[in-house]
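Notes follow the structure.
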Amino acid sequence: KGYISVFMNENKDKLTPDQMMFITRINTSTQQLAGLVENLLSVSRVERGAMTLHTQIIDWVTNVKSQVDTFEHRADEKRISLKFIEPKDPIPQVQVDLVRINEVLNNMISNAINYTEPMGKIEVWVDLKDEMVSTHIKDTGKGIPPEALPKLFGKFFRVQGGSAEQASKGNGLGLYLSKAIVELHKGVIWAESPGAGQGSTFSFSLPAVANNIDIDVL
């Protein structure tokens, strides 16, 4: 991967369009393979109970807004409206492993962009219910058949048939790992969809941190 990156930087002005296309495809495939290896290693850690969390207390709304901002350019390229909806009520802090939980959030936003057609819409918002801070990512994309919903978070599962399968470029591990990470945080993850072609909403909840918590104890 490193050698390809160096080669592209040093030779991009010397290569013909066809040569550059081949090198770009090699680079993309290498990144996908590296991602697959990392996911397989993470699955192994989950199944051995070896995945650990290094948590901190954070302002969750600020974090979600920041992550949504990083996807704005990608959404604009695909002519998709990506919007964060500010909460009307105060949202408590949460205690999370920031790297791990942002893997979950970014995976869901990335999936929403992948499965939404140009001129579509994605909305992200945060709410509080029963001392749980929930994050929702709603899209107007391919949707999910009812029979696929119970299997979505299984290992290697991908929606079969129709436009959803054609849009999928993943390996069926992203949602499986997301579920494991959220559950390590004592949270819950779920998905809802009216059906194929009618969009979907992916959500996960995390325990709110009480205002009177003793930080020194943590």
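Each chain in the structure tokens gets a letter, A, B and so on, in the order shown; residues start at 1 in every chain, and ligands are counted from 1 in the order they appear.
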Subject >> Residue contacts of segment 134-136 of chain A (10 Å, only C-alpha atoms) excluding same-chain residues fewer than 2 positions away, as a PyMOL selection string >> reply: chain A and resi 60-61+64+91+105+108-109+123-129+131-132+138-139+187-191+201-208
**OP:** From a DSSP pass on the backbone, collect the residues of chain A flagged as strand (DSSP E or B) and hand them back as a VMD selection string.
**Re:** chain A and resid 56 to 58 81 to 85 94 to 96 121 to 129 132 to 139 188 to 192 200 to 208
**OP:** Could you give me, as a list of chain:residue names, the residues within 6 Å of segment 53-56 of chain A, counting only C-alpha atoms and dropping anything in the same chain fewer than 2 positions from it?
**Re:**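 So the residues in contact are A:Gln95, A:Val96, A:Asp97.
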Kindly save the residues from that selection, with C-alpha atoms included, as a PDB file, in the first residue's frame.
ATOM      1  CA  GLN A  95     -18.766   7.820  28.441  1.00  0.00           C
ATOM      2  CA  VAL A  96     -17.254   6.155  25.385  1.00  0.00           C
ATOM      3  CA  ASP A  97     -14.156   4.855  23.687  1.00  0.00           C
TER       4      ASP A  97
END
Original post:
Which residue, A:Asn39, A:Thr140, A:Asn27, A:Ser178, has the smallest gap to Pro194 of chain A when you use only C-alpha atoms?
Top reply: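 Among A:Asn39, A:Thr140, A:Asn27, A:Ser178, it is A:Thr140 that comes nearest to Pro194 of chain A.
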Original post:
Where does DSSP see helix (DSSP H, G or I) in segment 11-101 of chain A, if you list the residues as a PyMOL selection string?
Top reply: chain A and resi 11+17-47+60-70+72-77+98-101
**OP:** Point out the residue among A:His185, A:Arg158, A:Lys151, A:Lys14 with the least atom-to-atom distance to Gly172 of chain A, counting only C-alpha atoms.
**Re:** A:Arg158
**OP:** Would you mind reading off the distance between atom CA of Phe156 of chain A and atom CA of Leu175 of chain A, one decimal, in Å?
**Re:**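 That distance, rounded to one decimal, is 9.1 Å.
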